[in-house]
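Here's entry22.txt, which has compact mmCIF, C-alpha atoms:
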```
# COMPACT_ATOMS: atom_id res chain seq x y z
CA MET L 294 14.69 8.36 17.29
CA SER L 295 13.81 4.69 17.68
CA THR L 296 11.42 2.98 15.39
CA ASP L 297 9.44 2.02 18.46
CA SER L 298 8.88 5.60 19.52
CA ALA L 299 5.59 5.83 17.68
CA ALA L 300 2.81 7.25 19.79
CA ASP L 301 0.59 4.18 19.60
CA PRO L 302 2.10 1.29 17.60
CA ALA L 303 -0.80 -1.03 18.42
CA LYS L 304 -3.19 1.48 16.86
CA GLY L 305 -0.90 1.83 13.84
CA LEU L 306 -0.76 -1.93 13.37
CA THR L 307 -4.54 -2.22 13.66
CA LEU L 308 -5.07 0.51 11.06
CA ALA L 309 -2.54 -1.03 8.66
CA VAL L 310 -3.91 -4.57 8.95
CA LEU L 311 -7.51 -3.42 8.55
CA GLY L 312 -6.48 -1.33 5.55
CA ILE L 313 -4.82 -4.30 3.84
CA LEU L 314 -7.67 -6.69 4.67
CA ILE L 315 -10.12 -4.27 3.04
CA LEU L 316 -7.78 -3.80 0.05
CA THR L 317 -7.23 -7.50 -0.70
CA PRO L 318 -10.29 -7.89 -3.03
CA ASP L 319 -8.65 -5.25 -5.27
CA THR L 320 -7.07 -7.84 -7.59
CA VAL L 321 -10.17 -9.99 -8.06
CA LEU L 322 -12.39 -6.95 -8.69
CA MET L 323 -10.04 -5.69 -11.39
CA ARG L 324 -10.12 -9.16 -12.94
CA MET L 325 -13.93 -9.04 -12.89
CA VAL L 326 -13.94 -5.61 -14.56
CA GLY L 327 -11.83 -7.09 -17.34
CA ALA L 328 -10.86 -3.79 -19.00
CA ASP L 329 -7.38 -2.73 -20.09
CA ALA L 330 -5.05 -1.36 -17.43
CA TRP L 331 -5.27 2.32 -18.40
CA THR L 332 -9.07 2.29 -18.54
CA ILE L 333 -9.15 0.73 -15.09
CA LEU L 334 -6.64 3.29 -13.84
CA PHE L 335 -8.73 6.18 -15.14
CA TRP L 336 -11.94 5.07 -13.44
CA ARG L 337 -10.04 3.91 -10.38
CA GLY L 338 -8.57 7.39 -10.00
CA VAL L 339 -11.79 9.32 -10.61
CA LEU L 340 -13.98 7.12 -8.43
CA MET L 341 -11.39 6.93 -5.65
CA THR L 342 -11.30 10.73 -5.45
CA VAL L 343 -15.12 10.86 -5.30
CA GLY L 344 -15.05 8.19 -2.58
CA TYR L 345 -12.51 10.19 -0.62
CA VAL L 346 -14.74 13.25 -0.78
CA GLY L 347 -17.50 11.23 0.88
CA LEU L 348 -15.11 9.73 3.43
CA LEU L 349 -13.69 13.13 4.36
CA ALA L 350 -17.21 14.57 4.61
CA LEU L 351 -18.04 11.89 7.17
CA ARG L 352 -14.76 12.37 9.01
CA TYR L 353 -14.58 16.17 9.10
CA ARG L 354 -18.17 17.23 8.30
CA GLY L 355 -17.96 21.01 7.88
CA GLY L 356 -14.19 21.04 8.18
CA CYS L 357 -13.34 19.33 4.89
CA LEU L 358 -11.80 22.38 3.25
CA ALA L 359 -9.71 23.05 6.35
CA ALA L 360 -8.48 19.43 6.29
CA VAL L 361 -7.47 19.80 2.64
CA ALA L 362 -5.68 23.09 3.32
CA ALA L 363 -3.88 21.58 6.33
CA VAL L 364 -1.87 19.14 4.17
CA GLY L 365 0.16 22.05 2.76
CA SER L 366 3.14 21.66 0.45
CA ARG L 367 4.03 18.29 1.98
CA GLY L 368 0.57 17.07 1.07
CA ALA L 369 1.20 18.11 -2.54
CA LEU L 370 4.29 15.88 -2.50
CA VAL L 371 2.21 13.01 -1.07
CA THR L 372 -0.30 13.47 -3.90
CA VAL L 373 2.37 13.35 -6.59
CA LEU L 374 4.35 10.49 -5.02
CA PHE L 375 1.31 8.27 -4.49
CA ALA L 376 0.15 8.89 -8.07
CA ILE L 377 3.63 8.09 -9.38
CA ASN L 378 3.71 4.83 -7.43
CA THR L 379 0.30 3.79 -8.78
CA ILE L 380 1.20 4.56 -12.40
CA LEU L 381 4.68 3.02 -12.20
CA PHE L 382 3.26 -0.22 -10.80
CA VAL L 383 0.82 -0.56 -13.71
CA VAL L 384 3.49 0.27 -16.27
CA ALA L 385 5.89 -2.22 -14.66
CA VAL L 386 3.34 -5.02 -14.88
CA SER L 387 2.83 -4.22 -18.57
CA THR L 388 6.55 -4.15 -19.42
CA THR L 389 7.99 -6.96 -17.31
CA THR L 390 6.54 -10.09 -15.69
CA VAL L 391 4.10 -9.92 -12.79
CA ALA L 392 6.46 -12.15 -10.81
CA ASN L 393 9.40 -9.80 -11.32
CA THR L 394 7.24 -6.84 -10.38
CA LEU L 395 5.99 -8.44 -7.16
CA VAL L 396 9.46 -9.50 -6.05
CA ILE L 397 10.90 -6.04 -6.70
CA MET L 398 7.92 -4.33 -5.03
CA SER L 399 8.45 -6.49 -1.95
CA ALA L 400 11.55 -4.38 -1.31
CA ALA L 401 9.34 -1.37 -0.50
CA PRO L 402 9.64 -1.83 3.29
CA LEU L 403 13.42 -2.01 2.88
CA PHE L 404 13.41 1.32 1.05
CA ALA L 405 11.04 2.74 3.66
CA ALA L 406 13.46 1.71 6.40
CA VAL L 407 16.44 3.28 4.64
CA ILE L 408 14.62 6.50 3.71
CA GLY L 409 13.15 6.73 7.22
CA ARG L 410 16.62 6.35 8.71
CA VAL L 411 18.06 9.09 6.52
CA CYS L 412 15.16 11.55 6.62
CA LEU L 413 13.60 10.94 10.05
CA GLY L 414 16.46 9.44 12.03
CA GLU L 415 14.43 6.31 12.78
CA ARG L 416 16.61 3.28 13.44
CA PRO L 417 14.74 0.06 12.64
CA PRO L 418 15.68 -2.61 15.20
CA ALA L 419 17.31 -5.86 14.09
CA ARG L 420 13.99 -7.73 14.28
CA THR L 421 12.49 -5.44 11.62
CA TRP L 422 15.44 -5.93 9.24
CA ILE L 423 15.17 -9.71 9.76
CA ALA L 424 11.41 -9.61 9.17
CA ILE L 425 11.91 -7.64 5.94
CA GLY L 426 14.44 -10.21 4.70
CA VAL L 427 12.24 -13.18 5.62
CA ALA L 428 9.17 -11.55 4.02
CA ILE L 429 11.08 -10.93 0.77
CA LEU L 430 12.11 -14.61 0.86
CA GLY L 431 8.43 -15.55 1.21
CA ILE L 432 7.51 -13.41 -1.80
CA LEU L 433 10.28 -15.13 -3.79
CA VAL L 434 8.77 -18.51 -2.91
CA ILE L 435 5.28 -17.34 -3.93
CA VAL L 436 6.28 -16.08 -7.38
CA GLY L 437 9.44 -18.13 -7.92
CA ASP L 438 7.96 -20.26 -10.68
CA GLY L 439 7.07 -17.16 -12.65
CA LEU L 440 10.40 -15.37 -12.33
CA SER L 441 12.05 -14.64 -15.63
CA VAL L 442 14.50 -12.23 -17.15
CA GLY L 443 11.63 -9.94 -18.15
CA THR L 444 12.94 -6.62 -19.42
CA TRP L 445 15.47 -4.48 -17.64
CA VAL L 446 13.34 -1.40 -18.35
CA GLY L 447 10.28 -2.93 -16.68
CA ASP L 448 12.37 -4.10 -13.73
CA LEU L 449 13.78 -0.60 -13.26
CA ILE L 450 10.25 0.83 -13.38
CA ALA L 451 9.15 -1.67 -10.71
CA LEU L 452 12.18 -0.65 -8.63
CA ALA L 453 11.17 3.01 -8.96
CA ALA L 454 7.63 2.06 -7.86
CA ALA L 455 9.00 0.29 -4.78
CA ILE L 456 11.12 3.32 -3.87
CA ALA L 457 8.13 5.63 -4.39
CA LEU L 458 5.93 3.48 -2.12
CA GLY L 459 8.58 3.40 0.60
CA GLY L 460 9.05 7.16 0.25
CA HIS L 461 5.30 7.69 0.44
CA PHE L 462 5.05 6.02 3.85
CA VAL L 463 8.02 8.01 5.14
CA LEU L 464 6.57 11.28 3.84
CA VAL L 465 3.20 10.58 5.48
CA ARG L 466 4.97 9.73 8.74
CA SER L 467 7.08 12.89 8.59
CA ALA L 468 3.89 14.97 8.37
CA ARG L 469 2.33 13.54 11.53
CA PRO L 470 0.02 14.40 13.17
CA VAL L 471 -1.43 16.06 10.04
CA ASP L 472 -3.90 13.77 8.26
CA MET L 473 -2.70 13.16 4.67
CA MET L 474 -5.89 11.41 3.55
CA PRO L 475 -6.98 14.44 1.47
CA ALA L 476 -3.63 14.36 -0.36
CA VAL L 477 -3.98 10.67 -1.22
CA GLY L 478 -7.54 11.30 -2.42
CA LEU L 479 -6.35 14.02 -4.78
CA SER L 480 -3.76 11.64 -6.25
CA GLY L 481 -6.63 9.85 -7.98
CA LEU L 482 -7.25 12.91 -10.16
CA LEU L 483 -3.59 12.96 -11.18
CA VAL L 484 -3.70 9.26 -12.07
CA ALA L 485 -6.90 9.81 -14.05
CA ALA L 486 -5.38 12.73 -15.96
CA VAL L 487 -2.39 10.65 -17.07
CA SER L 488 -4.62 7.69 -17.92
CA LEU L 489 -6.90 9.91 -19.99
CA ILE L 490 -3.95 10.71 -22.25
CA VAL L 491 -2.80 7.08 -22.63
CA ALA L 492 -6.04 5.03 -22.62
CA ASP L 493 -7.49 3.97 -25.97
CA SER L 494 -11.02 3.81 -24.60
CA LEU L 495 -12.74 4.64 -21.33
CA ALA L 496 -15.91 2.67 -22.08
CA LEU L 497 -17.22 0.21 -19.51
CA SER L 498 -20.39 -1.88 -19.55
CA PRO L 499 -22.91 -1.34 -16.72
CA VAL L 500 -21.68 -4.52 -15.01
CA GLN L 501 -18.04 -3.50 -15.37
CA PHE L 502 -18.81 -0.05 -14.01
CA GLY L 503 -20.66 -1.59 -11.05
CA TRP L 504 -17.60 -3.58 -10.01
CA MET L 505 -15.41 -0.55 -10.64
CA ALA L 506 -17.68 1.61 -8.48
CA LEU L 507 -17.45 -0.88 -5.60
CA LEU L 508 -13.68 -0.74 -5.86
CA GLY L 509 -13.25 2.99 -6.41
CA LEU L 510 -15.98 4.46 -4.24
CA LEU L 511 -15.67 2.18 -1.22
CA ILE L 512 -12.72 -0.23 -1.05
CA LEU L 513 -9.90 2.07 -2.19
CA PRO L 514 -10.84 5.16 -0.13
CA VAL L 515 -11.38 3.20 3.07
CA SER L 516 -8.32 0.95 2.69
CA PHE L 517 -5.90 3.67 1.58
CA GLY L 518 -7.37 6.00 4.17
CA LEU L 519 -6.50 3.55 6.94
CA LEU L 520 -3.06 2.89 5.45
CA THR L 521 -2.43 6.62 5.30
CA LEU L 522 -3.27 7.03 8.99
CA ALA L 523 -1.13 4.04 10.04
CA PRO L 524 2.32 5.73 9.62
CA ILE L 525 1.28 8.37 12.14
CA TYR L 526 1.54 5.68 14.82
CA LEU L 527 3.82 3.03 13.27
CA SER L 528 7.19 3.26 11.51
CA ALA L 529 7.17 3.49 7.72
CA ALA L 530 9.15 0.24 7.41
CA GLU L 531 6.62 -1.69 9.48
CA VAL L 532 3.66 -0.29 7.56
CA GLY L 533 5.45 -1.42 4.39
CA LEU L 534 5.81 -4.90 5.89
CA VAL L 535 2.07 -5.11 6.55
CA VAL L 536 1.37 -4.07 2.95
CA LEU L 537 3.09 -7.29 1.79
CA LEU L 538 0.05 -9.15 3.13
CA GLU L 539 -1.80 -8.09 -0.02
CA THR L 540 0.48 -10.35 -2.08
CA VAL L 541 -0.48 -13.23 0.21
CA LEU L 542 -4.20 -12.59 0.65
CA GLY L 543 -5.08 -11.24 -2.81
CA PRO L 544 -4.74 -14.64 -4.53
CA LEU L 545 -7.05 -16.16 -1.90
CA TRP L 546 -9.86 -13.90 -3.12
CA VAL L 547 -9.16 -15.03 -6.69
CA TRP L 548 -9.40 -18.62 -5.44
CA LEU L 549 -12.67 -18.07 -3.56
CA VAL L 550 -14.41 -16.02 -6.27
CA MET L 551 -12.92 -17.34 -9.52
CA GLY L 552 -11.87 -20.86 -8.52
CA GLU L 553 -8.17 -20.40 -9.32
CA GLU L 554 -6.43 -22.50 -6.69
CA PRO L 555 -3.17 -21.08 -5.29
CA SER L 556 -0.08 -23.19 -5.86
CA THR L 557 1.75 -25.02 -3.10
CA ASN L 558 4.52 -22.44 -3.36
CA ALA L 559 1.96 -19.66 -2.87
CA LEU L 560 0.72 -21.27 0.34
CA ILE L 561 4.25 -21.91 1.65
CA GLY L 562 5.45 -18.43 0.73
CA GLY L 563 2.36 -16.85 2.24
CA ALA L 564 2.99 -18.70 5.49
CA ILE L 565 6.57 -17.39 5.51
CA VAL L 566 5.41 -13.79 5.02
CA ILE L 567 2.78 -14.07 7.75
CA ALA L 568 5.31 -15.70 10.11
CA ALA L 569 7.73 -12.82 9.51
CA LEU L 570 5.04 -10.27 10.35
CA VAL L 571 3.87 -12.14 13.45
CA MET L 572 7.47 -12.51 14.64
CA ASN L 573 8.24 -8.81 14.16
CA PHE L 574 5.17 -7.48 15.92
CA ALA L 575 5.26 -10.08 18.70
CA LEU L 576 8.83 -9.06 19.51
CA LYS L 577 7.85 -5.40 19.17
CA ARG L 578 5.08 -5.86 21.74
CA ARG L 579 7.51 -7.48 24.17
CA SER L 580 10.01 -4.64 23.77
CA LEU L 581 7.58 -1.71 24.00
CA PRO L 582 7.88 -1.09 27.79
CA ALA L 583 11.67 -0.81 27.44
CA ASP L 584 12.09 1.34 24.35
CA THR L 585 8.98 3.51 24.18
CA HIS L 586 9.66 7.14 25.13
CA PRO L 587 7.60 8.56 28.00
CA GLU L 588 5.88 11.03 25.73
CA ALA L 589 4.58 8.18 23.58
CA SER L 590 2.11 7.20 26.28
CA ARG L 591 0.46 10.60 26.39
```

Spell out the structure here as structure tokens.
Amino acid sequence: MSTDSAADPAKGLTLAVLGILILTPDTVLMRMVGADAWTILFWRGVLMTVGYVGLLALRYRGGCLAAVAAVGSRGALVTVLFAINTILFVVAVSTTTVANTLVIMSAAPLFAAVIGRVCLGERPPARTWIAIGVAILGILVIVGDGLSVGTWVGDLIALAAAIALGGHFVLVRSARPVDMMPAVGLSGLLVAAVSLIVADSLALSPVQFGWMALLGLLILPVSFGLLTLAPIYLSAAEVGLVVLLETVLGPLWVWLVMGEEPSTNALIGGAIVIAALVMNFALKRRSLPADTHPEASR
């Protein structure tokens, strides 16, 4: 199966880009909350699940329970894998440098491509492999000044998080056309349960909780909901590529809201990542008439 055999890659790209654009304030909102990582994770998980309940109620109305039941055993795996990725990312940041974590996490689309090839038989075209390599180079430029030895344990945890994220996109794609949004919503409860054990305190001030509510009830459900729908129409590797935009756009929110100007390297690296994405999807659009299967247009 070709990577370009997705039913509607333009729709998948639109969903993924919208999802990331909505997600980009994530970093600045967590900075504004100002609590420790495990406290944020607990409320993030609980509120995200509540937000998903509302989102699914709007999407399915009286069919919410049927939508939850439809995810089946594969949905249970999506729940566990997404929760593992979320927790591993936080633990990686706390045990190695942020720069090391971001560079290692930028390999997620590479893992998605490999896992998708093995499990789904999808063969990413050369342009996608090139785009992945160029995007990783851009991430290296962005965080190059902050790279350090870190700790090998933290780096391994970040590597596991990258593999889990790549696997998540492949698993969601393998389940198509079943909507895995309910499974991702339930992952918040799993994250909250683990955080409840580890966190020293769950207390937040009214202002902190307000920012947390904006993040958990609105931004996370909508953004992750769109990103969960995207692999139905677009290959897992290409959805992973789009996710790298968060590394580029997140610091811009910090700049606009908190006045922390991005470095020259951040601007150059961001331009490299965006150029890689534009190149990949521009070439994809040109190639679609030739390598899209007839059934994809139905």

Of L:Ala406, L:Ala496, L:Ile377, L:Ala568, the one nearest to Val477 (chain L) when counting only C-alpha atoms is L:Ile377

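Closest to Ala359 (chain L) among L:Leu534, L:Glu553, L:Pro475, L:Leu482 is L:Pro475, based on only C-alpha atoms.
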
Grab the CA of Asn573 (chain L) to CA of Leu537 (chain L) distance for me, in Å with one decimal place. 13.5 Å

Pick from L:Val361, L:Val384, L:Val373, L:Leu520: nearest to Arg466 (chain L), with only C-alpha atoms counted?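 Of L:Val361, L:Val384, L:Val373, L:Leu520, the one nearest Arg466 (chain L) is L:Leu520, counting only C-alpha atoms.
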
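Using all atoms listed in the file, the smallest distance between any of L:Val571, L:Leu495, L:Ile565, L:Val536 and Leu433 (chain L) comes from L:Ile565.
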
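Atom to atom, CA of Ser516 (chain L) and CA of Ala419 (chain L) stand 28.9 Å apart.
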
Looking at L:Asn558, L:Asn378, L:Gln501, L:Ser467, which one is nearest to Tyr526 (chain L), with distances taken over only C-alpha atoms?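 Among L:Asn558, L:Asn378, L:Gln501, L:Ser467, it is L:Ser467 that comes nearest to Tyr526 (chain L).
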
Take every atom of region 308-317 of chain L listed in the file, pad by 4 Å on each side, and give me the axis-aligned box centre and edge lengths in Å, one decimal, as JSON.
```
{"center_x": -6.3, "center_y": -3.5, "center_z": 5.2, "size_x": 15.6, "size_y": 16.0, "size_z": 19.8}
```

Mind listing as a ChimeraX atom specification all residues within 7 Å of (-6.5, -2.7, -7.9), counting all atoms listed in the file? /L:319-320,323

Pick from L:Ala529, L:Gly355, L:Ile380, L:Pro514, whichever lies nearest to Cys412 (chain L) using only C-alpha atoms: L:Ala529

Could N, CA, C and O atoms be built for region 375-392 of chain L and written out as an mmCIF file, keeping the file's coordinate frame?
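Written output follows (out.cif):
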```cif
data_model
loop_
_atom_site.group_PDB
_atom_site.id
_atom_site.type_symbol
_atom_site.label_atom_id
_atom_site.label_comp_id
_atom_site.auth_asym_id
_atom_site.auth_seq_id
_atom_site.Cartn_x
_atom_site.Cartn_y
_atom_site.Cartn_z
ATOM 1 N N PHE L 375 2.237 9.398 -4.476
ATOM 2 C CA PHE L 375 1.310 8.270 -4.490
ATOM 3 C C PHE L 375 0.811 8.000 -5.908
ATOM 4 O O PHE L 375 0.660 6.841 -6.316
ATOM 5 N N ALA L 376 0.563 9.057 -6.675
ATOM 6 C CA ALA L 376 0.150 8.890 -8.070
ATOM 7 C C ALA L 376 1.256 8.244 -8.883
ATOM 8 O O ALA L 376 1.007 7.355 -9.709
ATOM 9 N N ILE L 377 2.493 8.679 -8.663
ATOM 10 C CA ILE L 377 3.630 8.090 -9.380
ATOM 11 C C ILE L 377 3.759 6.611 -9.074
ATOM 12 O O ILE L 377 3.964 5.787 -9.974
ATOM 13 N N ASN L 378 3.626 6.238 -7.802
ATOM 14 C CA ASN L 378 3.710 4.830 -7.430
ATOM 15 C C ASN L 378 2.639 4.006 -8.131
ATOM 16 O O ASN L 378 2.919 2.921 -8.664
ATOM 17 N N THR L 379 1.402 4.519 -8.149
ATOM 18 C CA THR L 379 0.300 3.790 -8.780
ATOM 19 C C THR L 379 0.555 3.587 -10.269
ATOM 20 O O THR L 379 0.399 2.472 -10.804
ATOM 21 N N ILE L 380 0.972 4.646 -10.951
ATOM 22 C CA ILE L 380 1.200 4.560 -12.400
ATOM 23 C C ILE L 380 2.399 3.676 -12.714
ATOM 24 O O ILE L 380 2.344 2.839 -13.629
ATOM 25 N N LEU L 381 3.485 3.825 -11.955
ATOM 26 C CA LEU L 381 4.680 3.020 -12.200
ATOM 27 C C LEU L 381 4.398 1.533 -12.025
ATOM 28 O O LEU L 381 4.911 0.698 -12.778
ATOM 29 N N PHE L 382 3.578 1.196 -11.028
ATOM 30 C CA PHE L 382 3.260 -0.220 -10.800
ATOM 31 C C PHE L 382 2.546 -0.814 -12.012
ATOM 32 O O PHE L 382 2.882 -1.898 -12.473
ATOM 33 N N VAL L 383 1.562 -0.082 -12.538
ATOM 34 C CA VAL L 383 0.820 -0.560 -13.710
ATOM 35 C C VAL L 383 1.733 -0.688 -14.920
ATOM 36 O O VAL L 383 1.701 -1.680 -15.650
ATOM 37 N N VAL L 384 2.578 0.309 -15.130
ATOM 38 C CA VAL L 384 3.490 0.270 -16.270
ATOM 39 C C VAL L 384 4.488 -0.875 -16.124
ATOM 40 O O VAL L 384 4.818 -1.565 -17.099
ATOM 41 N N ALA L 385 4.954 -1.129 -14.889
ATOM 42 C CA ALA L 385 5.890 -2.220 -14.660
ATOM 43 C C ALA L 385 5.271 -3.566 -15.014
ATOM 44 O O ALA L 385 5.903 -4.407 -15.672
ATOM 45 N N VAL L 386 4.030 -3.757 -14.590
ATOM 46 C CA VAL L 386 3.340 -5.020 -14.880
ATOM 47 C C VAL L 386 3.188 -5.227 -16.383
ATOM 48 O O VAL L 386 3.244 -6.354 -16.880
ATOM 49 N N SER L 387 3.026 -4.124 -17.124
ATOM 50 C CA SER L 387 2.830 -4.220 -18.570
ATOM 51 C C SER L 387 4.132 -4.358 -19.347
ATOM 52 O O SER L 387 4.108 -4.699 -20.527
ATOM 53 N N THR L 388 5.274 -4.106 -18.703
ATOM 54 C CA THR L 388 6.550 -4.150 -19.420
ATOM 55 C C THR L 388 7.504 -5.236 -18.927
ATOM 56 O O THR L 388 8.493 -5.524 -19.590
ATOM 57 N N THR L 389 7.230 -5.817 -17.779
ATOM 58 C CA THR L 389 7.990 -6.960 -17.310
ATOM 59 C C THR L 389 6.996 -7.965 -16.740
ATOM 60 O O THR L 389 5.781 -7.735 -16.792
ATOM 61 N N THR L 390 7.469 -9.078 -16.190
ATOM 62 C CA THR L 390 6.540 -10.090 -15.690
ATOM 63 C C THR L 390 5.931 -9.656 -14.365
ATOM 64 O O THR L 390 6.517 -8.868 -13.613
ATOM 65 N N VAL L 391 4.745 -10.191 -14.077
ATOM 66 C CA VAL L 391 4.100 -9.920 -12.790
ATOM 67 C C VAL L 391 4.977 -10.413 -11.653
ATOM 68 O O VAL L 391 5.124 -9.743 -10.620
ATOM 69 N N ALA L 392 5.596 -11.597 -11.843
ATOM 70 C CA ALA L 392 6.460 -12.150 -10.810
ATOM 71 C C ALA L 392 7.615 -11.222 -10.499
ATOM 72 O O ALA L 392 7.925 -10.944 -9.336
#
```
